[in-house]
Amino acid sequence: MTTTTGESAKMAYKSDQGRLARLAAFWALAILLFYGCVSLHRTLSAAFGGALSHALIPSMKQIPVLGLAFNLALLITAVVLGAAWYLLYRWQQTPKIADLLIETESELRKVTWPTISEAVNSSVVVIICVAFLMGFLAGADWLLGQWTTLILTGGKG
C-alpha cells in the first residue's frame, strides 16, 4: 500500500489563479487592519499624550499632505500597520489559504447570477413576505396581550 505525503500541499499555484478572490480578501482585511491602527493611534495619543505627542522633527510639526502630526504615536502606528499588512500578505500566500481562495473563486465562477429583473422580482417577494409576517406577528402579539390582560385582570380593565 502506498501513501501520499501531502501532494496537494506541495502543489504550487500560478500567480493569476484566484487573483480576484485573493485581492478582495487582502483589501477587506487590510481595511480592517487600517481601522484598527487608526484606533490604536487615537488610544496612544490619548493615553500617552504628553510622551508620544512631541514632534519627532521640530521643523516639521505635520506631514504636509496628510495633515497628521509627525510624532512617536504616528510612527508606532505606521510600523504596526506595515507589519500587519506584511504578515497578512505572507499569511495569504500560505498554501492552505491560497488554495481556499483559489477554490472559492473557481466556485464563484460557476454561479449563475440573476438578472436585474429576477433580482427585483425576488426582492419584491421577500418584502411582501416580511410585511405579511410582520403584520401577522403584530396581530398575534396584540391578541395574546388582550387575552393575557383578560385572564390576569378577570375582565376588569
# chains A, B, ... in the order shown; residues from 1 in each chain; ligands from 1
>>> select_by_dssp(residues="chain A", states="alpha helix (DSSP H)", output="PyMOL selection string")
chain A and resi 7-10+19-47+49-52+72-92+95-110+116-153
>>> atom_distance(atom1="CA of Ala25 in chain A", atom2="CA of Ala98 in chain A")
10.6 Å
>>> atom_distance(atom1="CA of Leu40 in chain A", atom2="CA of Ile63 in chain A")
18.7 Å
>>> closest_residue(among="A:Gln92, A:Thr77, A:Ser45, A:Ser106", to="Trp27 in chain A", atoms="only C-alpha atoms")
A:Gln92
>>> atom_distance(atom1="CA of Ala47 in chain A", atom2="CA of Leu72 in chain A")
12.9 Å
>>> residues_around(residues="Leu88 in chain A", least_positions_apart="4", cutoff="8 Å", atoms="only C-alpha atoms", output="JSON, numbers by chain")
{"A": [26, 29, 30, 84, 92]}
>>> write_last_selection(atoms="N, CA, C and O atoms", output="tab-separated table (two decimals), in the first residue's frame")
chain	number	residue	atom	x	y	z
A	26	PHE	N	-7.59	40.25	0.65
A	26	PHE	CA	-6.50	41.05	1.20
A	26	PHE	C	-6.97	42.46	1.53
A	26	PHE	O	-6.73	42.96	2.64
A	29	LEU	N	-9.41	42.71	4.53
A	29	LEU	CA	-8.70	42.58	5.80
A	29	LEU	C	-7.74	43.74	6.03
A	29	LEU	O	-7.55	44.18	7.18
A	30	ALA	N	-7.15	44.27	4.97
A	30	ALA	CA	-6.24	45.41	5.11
A	30	ALA	C	-6.99	46.65	5.60
A	30	ALA	O	-6.47	47.41	6.42
A	84	ALA	N	1.60	44.54	10.11
A	84	ALA	CA	0.35	43.78	10.00
A	84	ALA	C	0.01	43.49	8.54
A	84	ALA	O	-0.42	42.37	8.21
A	92	GLN	N	-1.60	35.09	3.61
A	92	GLN	CA	-2.45	34.79	2.46
A	92	GLN	C	-1.72	33.94	1.43
A	92	GLN	O	-2.35	33.27	0.64
>>> closest_residue(among="A:Thr153, A:Ser39, A:Ser123, A:Thr148", to="Leu81 in chain A", atoms="only C-alpha atoms")
A:Ser39
>>> residues_around(residues="Glu105 in chain A", least_positions_apart="5", cutoff="12 Å", atoms="only C-alpha atoms", output="list in words")
Asp16, Gln17, Gly18, Arg19, Leu20, Ala21, Arg22, Leu23, Ala24, Ala25, Ala98, Asp99, Leu100, Lys110 and Val111 of chain A
>>> write_last_selection(atoms="all heavy atoms", output="mmCIF file, in the first residue's frame")
data_model
loop_
_atom_site.group_PDB
_atom_site.id
_atom_site.type_symbol
_atom_site.label_atom_id
_atom_site.label_comp_id
_atom_site.auth_asym_id
_atom_site.auth_seq_id
_atom_site.Cartn_x
_atom_site.Cartn_y
_atom_site.Cartn_z
ATOM 1 N N ASP A 16 -1.807 34.014 -11.218
ATOM 2 C CA ASP A 16 -3.093 34.544 -11.658
ATOM 3 C C ASP A 16 -4.271 33.690 -11.194
ATOM 4 O O ASP A 16 -5.413 34.071 -11.390
ATOM 5 C CB ASP A 16 -3.118 34.696 -13.186
ATOM 6 C CG ASP A 16 -2.938 33.367 -13.907
ATOM 7 O OD1 ASP A 16 -2.404 32.430 -13.284
ATOM 8 O OD2 ASP A 16 -3.328 33.282 -15.081
ATOM 9 N N GLN A 17 -4.024 32.546 -10.565
ATOM 10 C CA GLN A 17 -5.108 31.710 -10.063
ATOM 11 C C GLN A 17 -5.709 32.355 -8.814
ATOM 12 O O GLN A 17 -4.999 32.689 -7.874
ATOM 13 C CB GLN A 17 -4.613 30.316 -9.702
ATOM 14 C CG GLN A 17 -4.352 29.426 -10.877
ATOM 15 C CD GLN A 17 -3.897 28.053 -10.414
ATOM 16 O OE1 GLN A 17 -3.040 27.946 -9.549
ATOM 17 N NE2 GLN A 17 -4.472 27.029 -11.007
ATOM 18 N N GLY A 18 -7.015 32.517 -8.819
ATOM 19 C CA GLY A 18 -7.692 33.072 -7.660
ATOM 20 C C GLY A 18 -7.304 34.504 -7.359
ATOM 21 O O GLY A 18 -7.412 34.958 -6.226
ATOM 22 N N ARG A 19 -6.858 35.227 -8.359
ATOM 23 C CA ARG A 19 -6.346 36.579 -8.156
ATOM 24 C C ARG A 19 -7.411 37.506 -7.580
ATOM 25 O O ARG A 19 -7.145 38.249 -6.640
ATOM 26 C CB ARG A 19 -5.818 37.137 -9.477
ATOM 27 C CG ARG A 19 -5.178 38.507 -9.361
ATOM 28 C CD ARG A 19 -4.621 38.961 -10.695
ATOM 29 N NE ARG A 19 -5.621 39.016 -11.741
ATOM 30 C CZ ARG A 19 -6.373 40.084 -12.004
ATOM 31 N NH1 ARG A 19 -6.211 41.173 -11.303
ATOM 32 N NH2 ARG A 19 -7.249 40.064 -12.968
ATOM 33 N N LEU A 20 -8.624 37.442 -8.120
ATOM 34 C CA LEU A 20 -9.686 38.342 -7.647
ATOM 35 C C LEU A 20 -10.081 38.040 -6.205
ATOM 36 O O LEU A 20 -10.261 38.947 -5.399
ATOM 37 C CB LEU A 20 -10.897 38.261 -8.573
ATOM 38 C CG LEU A 20 -10.669 38.770 -9.989
ATOM 39 C CD1 LEU A 20 -11.907 38.543 -10.847
ATOM 40 C CD2 LEU A 20 -10.309 40.245 -9.966
ATOM 41 N N ALA A 21 -10.203 36.765 -5.886
ATOM 42 C CA ALA A 21 -10.567 36.395 -4.512
ATOM 43 C C ALA A 21 -9.461 36.784 -3.545
ATOM 44 O O ALA A 21 -9.735 37.283 -2.443
ATOM 45 C CB ALA A 21 -10.844 34.899 -4.427
ATOM 46 N N ARG A 22 -8.208 36.584 -3.946
ATOM 47 C CA ARG A 22 -7.097 36.955 -3.062
ATOM 48 C C ARG A 22 -7.016 38.459 -2.882
ATOM 49 O O ARG A 22 -6.760 38.946 -1.781
ATOM 50 C CB ARG A 22 -5.781 36.386 -3.585
ATOM 51 C CG ARG A 22 -5.711 34.875 -3.403
ATOM 52 C CD ARG A 22 -4.382 34.290 -3.776
ATOM 53 N NE ARG A 22 -4.239 34.314 -5.242
ATOM 54 C CZ ARG A 22 -3.122 34.645 -5.861
ATOM 55 N NH1 ARG A 22 -2.062 34.971 -5.192
ATOM 56 N NH2 ARG A 22 -3.063 34.629 -7.164
ATOM 57 N N LEU A 23 -7.241 39.215 -3.964
ATOM 58 C CA LEU A 23 -7.224 40.678 -3.846
ATOM 59 C C LEU A 23 -8.360 41.174 -2.954
ATOM 60 O O LEU A 23 -8.152 42.041 -2.097
ATOM 61 C CB LEU A 23 -7.347 41.324 -5.232
ATOM 62 C CG LEU A 23 -6.074 41.412 -6.053
ATOM 63 C CD1 LEU A 23 -6.375 41.916 -7.457
ATOM 64 C CD2 LEU A 23 -5.081 42.330 -5.375
ATOM 65 N N ALA A 24 -9.548 40.644 -3.170
ATOM 66 C CA ALA A 24 -10.698 41.072 -2.366
ATOM 67 C C ALA A 24 -10.483 40.744 -0.893
ATOM 68 O O ALA A 24 -10.748 41.575 -0.013
ATOM 69 C CB ALA A 24 -11.973 40.419 -2.888
ATOM 70 N N ALA A 25 -10.006 39.539 -0.619
ATOM 71 C CA ALA A 25 -9.771 39.149 0.772
ATOM 72 C C ALA A 25 -8.671 40.005 1.398
ATOM 73 O O ALA A 25 -8.805 40.456 2.543
ATOM 74 C CB ALA A 25 -9.391 37.670 0.839
ATOM 75 N N ALA A 98 -4.191 30.056 0.258
ATOM 76 C CA ALA A 98 -4.206 30.328 -1.183
ATOM 77 C C ALA A 98 -5.102 29.332 -1.908
ATOM 78 O O ALA A 98 -5.894 29.721 -2.779
ATOM 79 C CB ALA A 98 -2.785 30.271 -1.742
ATOM 80 N N ASP A 99 -5.016 28.060 -1.544
ATOM 81 C CA ASP A 99 -5.883 27.053 -2.170
ATOM 82 C C ASP A 99 -7.352 27.340 -1.879
ATOM 83 O O ASP A 99 -8.210 27.193 -2.754
ATOM 84 C CB ASP A 99 -5.518 25.648 -1.685
ATOM 85 C CG ASP A 99 -4.203 25.152 -2.254
ATOM 86 O OD1 ASP A 99 -3.740 25.725 -3.255
ATOM 87 O OD2 ASP A 99 -3.652 24.185 -1.696
ATOM 88 N N LEU A 100 -7.648 27.737 -0.646
ATOM 89 C CA LEU A 100 -9.030 28.066 -0.292
ATOM 90 C C LEU A 100 -9.556 29.205 -1.152
ATOM 91 O O LEU A 100 -10.676 29.141 -1.681
ATOM 92 C CB LEU A 100 -9.126 28.436 1.187
ATOM 93 C CG LEU A 100 -10.486 28.982 1.629
ATOM 94 C CD1 LEU A 100 -11.511 27.865 1.679
ATOM 95 C CD2 LEU A 100 -10.371 29.671 2.959
ATOM 96 N N LYS A 110 -18.754 29.500 -11.237
ATOM 97 C CA LYS A 110 -19.784 28.557 -11.638
ATOM 98 C C LYS A 110 -21.192 29.046 -11.285
ATOM 99 O O LYS A 110 -22.173 28.465 -11.735
ATOM 100 C CB LYS A 110 -19.560 27.208 -10.959
ATOM 101 C CG LYS A 110 -18.262 26.531 -11.363
ATOM 102 C CD LYS A 110 -18.081 25.254 -10.570
ATOM 103 C CE LYS A 110 -16.727 24.639 -10.791
ATOM 104 N NZ LYS A 110 -16.510 23.460 -9.936
ATOM 105 N N VAL A 111 -21.296 30.078 -10.466
ATOM 106 C CA VAL A 111 -22.588 30.574 -10.005
ATOM 107 C C VAL A 111 -23.334 31.223 -11.164
ATOM 108 O O VAL A 111 -22.758 31.974 -11.945
ATOM 109 C CB VAL A 111 -22.408 31.587 -8.852
ATOM 110 C CG1 VAL A 111 -23.712 32.253 -8.487
ATOM 111 C CG2 VAL A 111 -21.797 30.910 -7.646
#
>>> residues_around(residues="Gly82 in chain A", least_positions_apart="6", cutoff="12 Å", atoms="only C-alpha atoms", output="mmCIF file with N, CA, C and O atoms, in the first residue's frame")
data_model
loop_
_atom_site.group_PDB
_atom_site.id
_atom_site.type_symbol
_atom_site.label_atom_id
_atom_site.label_comp_id
_atom_site.auth_asym_id
_atom_site.auth_seq_id
_atom_site.Cartn_x
_atom_site.Cartn_y
_atom_site.Cartn_z
ATOM 1 N N ALA A 30 -7.148 44.274 4.968
ATOM 2 C CA ALA A 30 -6.238 45.413 5.111
ATOM 3 C C ALA A 30 -6.986 46.646 5.597
ATOM 4 O O ALA A 30 -6.466 47.414 6.417
ATOM 5 N N LEU A 33 -7.561 46.198 9.263
ATOM 6 C CA LEU A 33 -6.325 46.480 9.989
ATOM 7 C C LEU A 33 -6.051 47.981 10.060
ATOM 8 O O LEU A 33 -5.594 48.491 11.087
ATOM 9 N N PHE A 34 -6.328 48.691 8.968
ATOM 10 C CA PHE A 34 -6.144 50.144 8.972
ATOM 11 C C PHE A 34 -7.050 50.803 10.008
ATOM 12 O O PHE A 34 -6.616 51.678 10.758
ATOM 13 N N CYS A 37 -5.635 50.276 13.347
ATOM 14 C CA CYS A 37 -4.468 51.128 13.599
ATOM 15 C C CYS A 37 -4.866 52.582 13.832
ATOM 16 O O CYS A 37 -4.210 53.284 14.595
ATOM 17 N N LEU A 75 4.370 57.219 14.358
ATOM 18 C CA LEU A 75 5.427 56.313 13.913
ATOM 19 C C LEU A 75 5.167 54.884 14.398
ATOM 20 O O LEU A 75 5.290 53.928 13.626
ATOM 21 N N ILE A 76 4.758 54.719 15.649
ATOM 22 C CA ILE A 76 4.433 53.389 16.187
ATOM 23 C C ILE A 76 3.271 52.785 15.411
ATOM 24 O O ILE A 76 3.305 51.615 15.010
ATOM 25 N N LEU A 88 -0.173 39.842 6.919
ATOM 26 C CA LEU A 88 -1.396 39.460 6.219
ATOM 27 C C LEU A 88 -1.063 38.931 4.833
ATOM 28 O O LEU A 88 -1.590 37.896 4.407
ATOM 29 N N TYR A 89 -0.184 39.618 4.130
ATOM 30 C CA TYR A 89 0.221 39.171 2.795
ATOM 31 C C TYR A 89 0.889 37.801 2.865
ATOM 32 O O TYR A 89 0.587 36.913 2.075
#
>>> select_by_dssp(residues="chain A", states="strand (DSSP E or B)", output="MDAnalysis selection string")
chainID A and resid 55 57 60 62 69 71
>>> decode(residues="range 115-128 of chain A", atoms="all heavy atoms", output="PDB file, in the first residue's frame")
ATOM      1  N   THR A 115     -30.509  38.021 -13.231  1.00  0.00           N
ATOM      2  CA  THR A 115     -30.589  39.279 -13.963  1.00  0.00           C
ATOM      3  C   THR A 115     -31.201  40.327 -13.041  1.00  0.00           C
ATOM      4  O   THR A 115     -31.685  40.012 -11.951  1.00  0.00           O
ATOM      5  CB  THR A 115     -31.462  39.116 -15.216  1.00  0.00           C
ATOM      6  OG1 THR A 115     -32.794  38.791 -14.806  1.00  0.00           O
ATOM      7  CG2 THR A 115     -30.920  38.035 -16.149  1.00  0.00           C
ATOM      8  N   ILE A 116     -31.191  41.569 -13.493  1.00  0.00           N
ATOM      9  CA  ILE A 116     -31.745  42.650 -12.680  1.00  0.00           C
ATOM     10  C   ILE A 116     -33.230  42.408 -12.413  1.00  0.00           C
ATOM     11  O   ILE A 116     -33.708  42.581 -11.281  1.00  0.00           O
ATOM     12  CB  ILE A 116     -31.526  44.017 -13.378  1.00  0.00           C
ATOM     13  CG1 ILE A 116     -30.037  44.325 -13.472  1.00  0.00           C
ATOM     14  CG2 ILE A 116     -32.263  45.124 -12.661  1.00  0.00           C
ATOM     15  CD1 ILE A 116     -29.367  44.542 -12.147  1.00  0.00           C
ATOM     16  N   SER A 117     -33.977  42.011 -13.443  1.00  0.00           N
ATOM     17  CA  SER A 117     -35.411  41.804 -13.250  1.00  0.00           C
ATOM     18  C   SER A 117     -35.679  40.639 -12.292  1.00  0.00           C
ATOM     19  O   SER A 117     -36.592  40.707 -11.460  1.00  0.00           O
ATOM     20  CB  SER A 117     -36.102  41.561 -14.588  1.00  0.00           C
ATOM     21  OG  SER A 117     -35.612  40.382 -15.190  1.00  0.00           O
ATOM     22  N   GLU A 118     -34.880  39.577 -12.366  1.00  0.00           N
ATOM     23  CA  GLU A 118     -35.042  38.468 -11.428  1.00  0.00           C
ATOM     24  C   GLU A 118     -34.726  38.911  -9.997  1.00  0.00           C
ATOM     25  O   GLU A 118     -35.439  38.537  -9.056  1.00  0.00           O
ATOM     26  CB  GLU A 118     -34.132  37.305 -11.812  1.00  0.00           C
ATOM     27  CG  GLU A 118     -34.532  36.584 -13.075  1.00  0.00           C
ATOM     28  CD  GLU A 118     -33.496  35.566 -13.523  1.00  0.00           C
ATOM     29  OE1 GLU A 118     -32.330  35.635 -13.081  1.00  0.00           O
ATOM     30  OE2 GLU A 118     -33.873  34.703 -14.339  1.00  0.00           O
ATOM     31  N   ALA A 119     -33.698  39.714  -9.845  1.00  0.00           N
ATOM     32  CA  ALA A 119     -33.335  40.202  -8.512  1.00  0.00           C
ATOM     33  C   ALA A 119     -34.422  41.111  -7.950  1.00  0.00           C
ATOM     34  O   ALA A 119     -34.772  41.023  -6.767  1.00  0.00           O
ATOM     35  CB  ALA A 119     -31.999  40.929  -8.565  1.00  0.00           C
ATOM     36  N   VAL A 120     -34.975  41.983  -8.797  1.00  0.00           N
ATOM     37  CA  VAL A 120     -36.036  42.888  -8.346  1.00  0.00           C
ATOM     38  C   VAL A 120     -37.280  42.092  -7.967  1.00  0.00           C
ATOM     39  O   VAL A 120     -37.894  42.330  -6.919  1.00  0.00           O
ATOM     40  CB  VAL A 120     -36.351  43.943  -9.439  1.00  0.00           C
ATOM     41  CG1 VAL A 120     -37.633  44.692  -9.128  1.00  0.00           C
ATOM     42  CG2 VAL A 120     -35.183  44.905  -9.578  1.00  0.00           C
ATOM     43  N   ASN A 121     -37.673  41.130  -8.819  1.00  0.00           N
ATOM     44  CA  ASN A 121     -38.860  40.323  -8.521  1.00  0.00           C
ATOM     45  C   ASN A 121     -38.678  39.528  -7.231  1.00  0.00           C
ATOM     46  O   ASN A 121     -39.599  39.452  -6.409  1.00  0.00           O
ATOM     47  CB  ASN A 121     -39.164  39.379  -9.684  1.00  0.00           C
ATOM     48  CG  ASN A 121     -39.655  40.112 -10.910  1.00  0.00           C
ATOM     49  OD1 ASN A 121     -40.156  41.232 -10.822  1.00  0.00           O
ATOM     50  ND2 ASN A 121     -39.511  39.497 -12.067  1.00  0.00           N
ATOM     51  N   SER A 122     -37.508  38.948  -7.035  1.00  0.00           N
ATOM     52  CA  SER A 122     -37.243  38.202  -5.803  1.00  0.00           C
ATOM     53  C   SER A 122     -37.273  39.129  -4.594  1.00  0.00           C
ATOM     54  O   SER A 122     -37.795  38.759  -3.536  1.00  0.00           O
ATOM     55  CB  SER A 122     -35.894  37.509  -5.895  1.00  0.00           C
ATOM     56  OG  SER A 122     -35.887  36.579  -6.946  1.00  0.00           O
ATOM     57  N   SER A 123     -36.745  40.329  -4.739  1.00  0.00           N
ATOM     58  CA  SER A 123     -36.751  41.288  -3.633  1.00  0.00           C
ATOM     59  C   SER A 123     -38.169  41.700  -3.272  1.00  0.00           C
ATOM     60  O   SER A 123     -38.506  41.835  -2.088  1.00  0.00           O
ATOM     61  CB  SER A 123     -35.929  42.522  -3.995  1.00  0.00           C
ATOM     62  OG  SER A 123     -34.587  42.171  -4.209  1.00  0.00           O
ATOM     63  N   VAL A 124     -39.009  41.894  -4.288  1.00  0.00           N
ATOM     64  CA  VAL A 124     -40.409  42.261  -4.023  1.00  0.00           C
ATOM     65  C   VAL A 124     -41.110  41.132  -3.274  1.00  0.00           C
ATOM     66  O   VAL A 124     -41.848  41.379  -2.307  1.00  0.00           O
ATOM     67  CB  VAL A 124     -41.134  42.604  -5.348  1.00  0.00           C
ATOM     68  CG1 VAL A 124     -42.627  42.682  -5.151  1.00  0.00           C
ATOM     69  CG2 VAL A 124     -40.596  43.906  -5.910  1.00  0.00           C
ATOM     70  N   VAL A 125     -40.873  39.894  -3.671  1.00  0.00           N
ATOM     71  CA  VAL A 125     -41.481  38.755  -2.976  1.00  0.00           C
ATOM     72  C   VAL A 125     -41.021  38.702  -1.523  1.00  0.00           C
ATOM     73  O   VAL A 125     -41.830  38.497  -0.607  1.00  0.00           O
ATOM     74  CB  VAL A 125     -41.152  37.434  -3.717  1.00  0.00           C
ATOM     75  CG1 VAL A 125     -41.529  36.226  -2.881  1.00  0.00           C
ATOM     76  CG2 VAL A 125     -41.853  37.387  -5.058  1.00  0.00           C
ATOM     77  N   VAL A 126     -39.746  38.923  -1.290  1.00  0.00           N
ATOM     78  CA  VAL A 126     -39.221  38.905   0.077  1.00  0.00           C
ATOM     79  C   VAL A 126     -39.832  40.033   0.902  1.00  0.00           C
ATOM     80  O   VAL A 126     -40.234  39.829   2.053  1.00  0.00           O
ATOM     81  CB  VAL A 126     -37.678  38.999   0.066  1.00  0.00           C
ATOM     82  CG1 VAL A 126     -37.122  39.276   1.454  1.00  0.00           C
ATOM     83  CG2 VAL A 126     -37.085  37.722  -0.493  1.00  0.00           C
ATOM     84  N   ILE A 127     -39.942  41.228   0.337  1.00  0.00           N
ATOM     85  CA  ILE A 127     -40.517  42.366   1.066  1.00  0.00           C
ATOM     86  C   ILE A 127     -41.973  42.096   1.410  1.00  0.00           C
ATOM     87  O   ILE A 127     -42.431  42.380   2.523  1.00  0.00           O
ATOM     88  CB  ILE A 127     -40.348  43.666   0.249  1.00  0.00           C
ATOM     89  CG1 ILE A 127     -38.871  44.062   0.222  1.00  0.00           C
ATOM     90  CG2 ILE A 127     -41.199  44.795   0.820  1.00  0.00           C
ATOM     91  CD1 ILE A 127     -38.537  45.173  -0.746  1.00  0.00           C
ATOM     92  N   ILE A 128     -42.737  41.522   0.470  1.00  0.00           N
ATOM     93  CA  ILE A 128     -44.145  41.206   0.735  1.00  0.00           C
ATOM     94  C   ILE A 128     -44.259  40.152   1.838  1.00  0.00           C
ATOM     95  O   ILE A 128     -45.086  40.278   2.748  1.00  0.00           O
ATOM     96  CB  ILE A 128     -44.852  40.757  -0.563  1.00  0.00           C
ATOM     97  CG1 ILE A 128     -45.011  41.956  -1.496  1.00  0.00           C
ATOM     98  CG2 ILE A 128     -46.201  40.123  -0.274  1.00  0.00           C
ATOM     99  CD1 ILE A 128     -45.504  41.594  -2.890  1.00  0.00           C
TER     100      ILE A 128
END
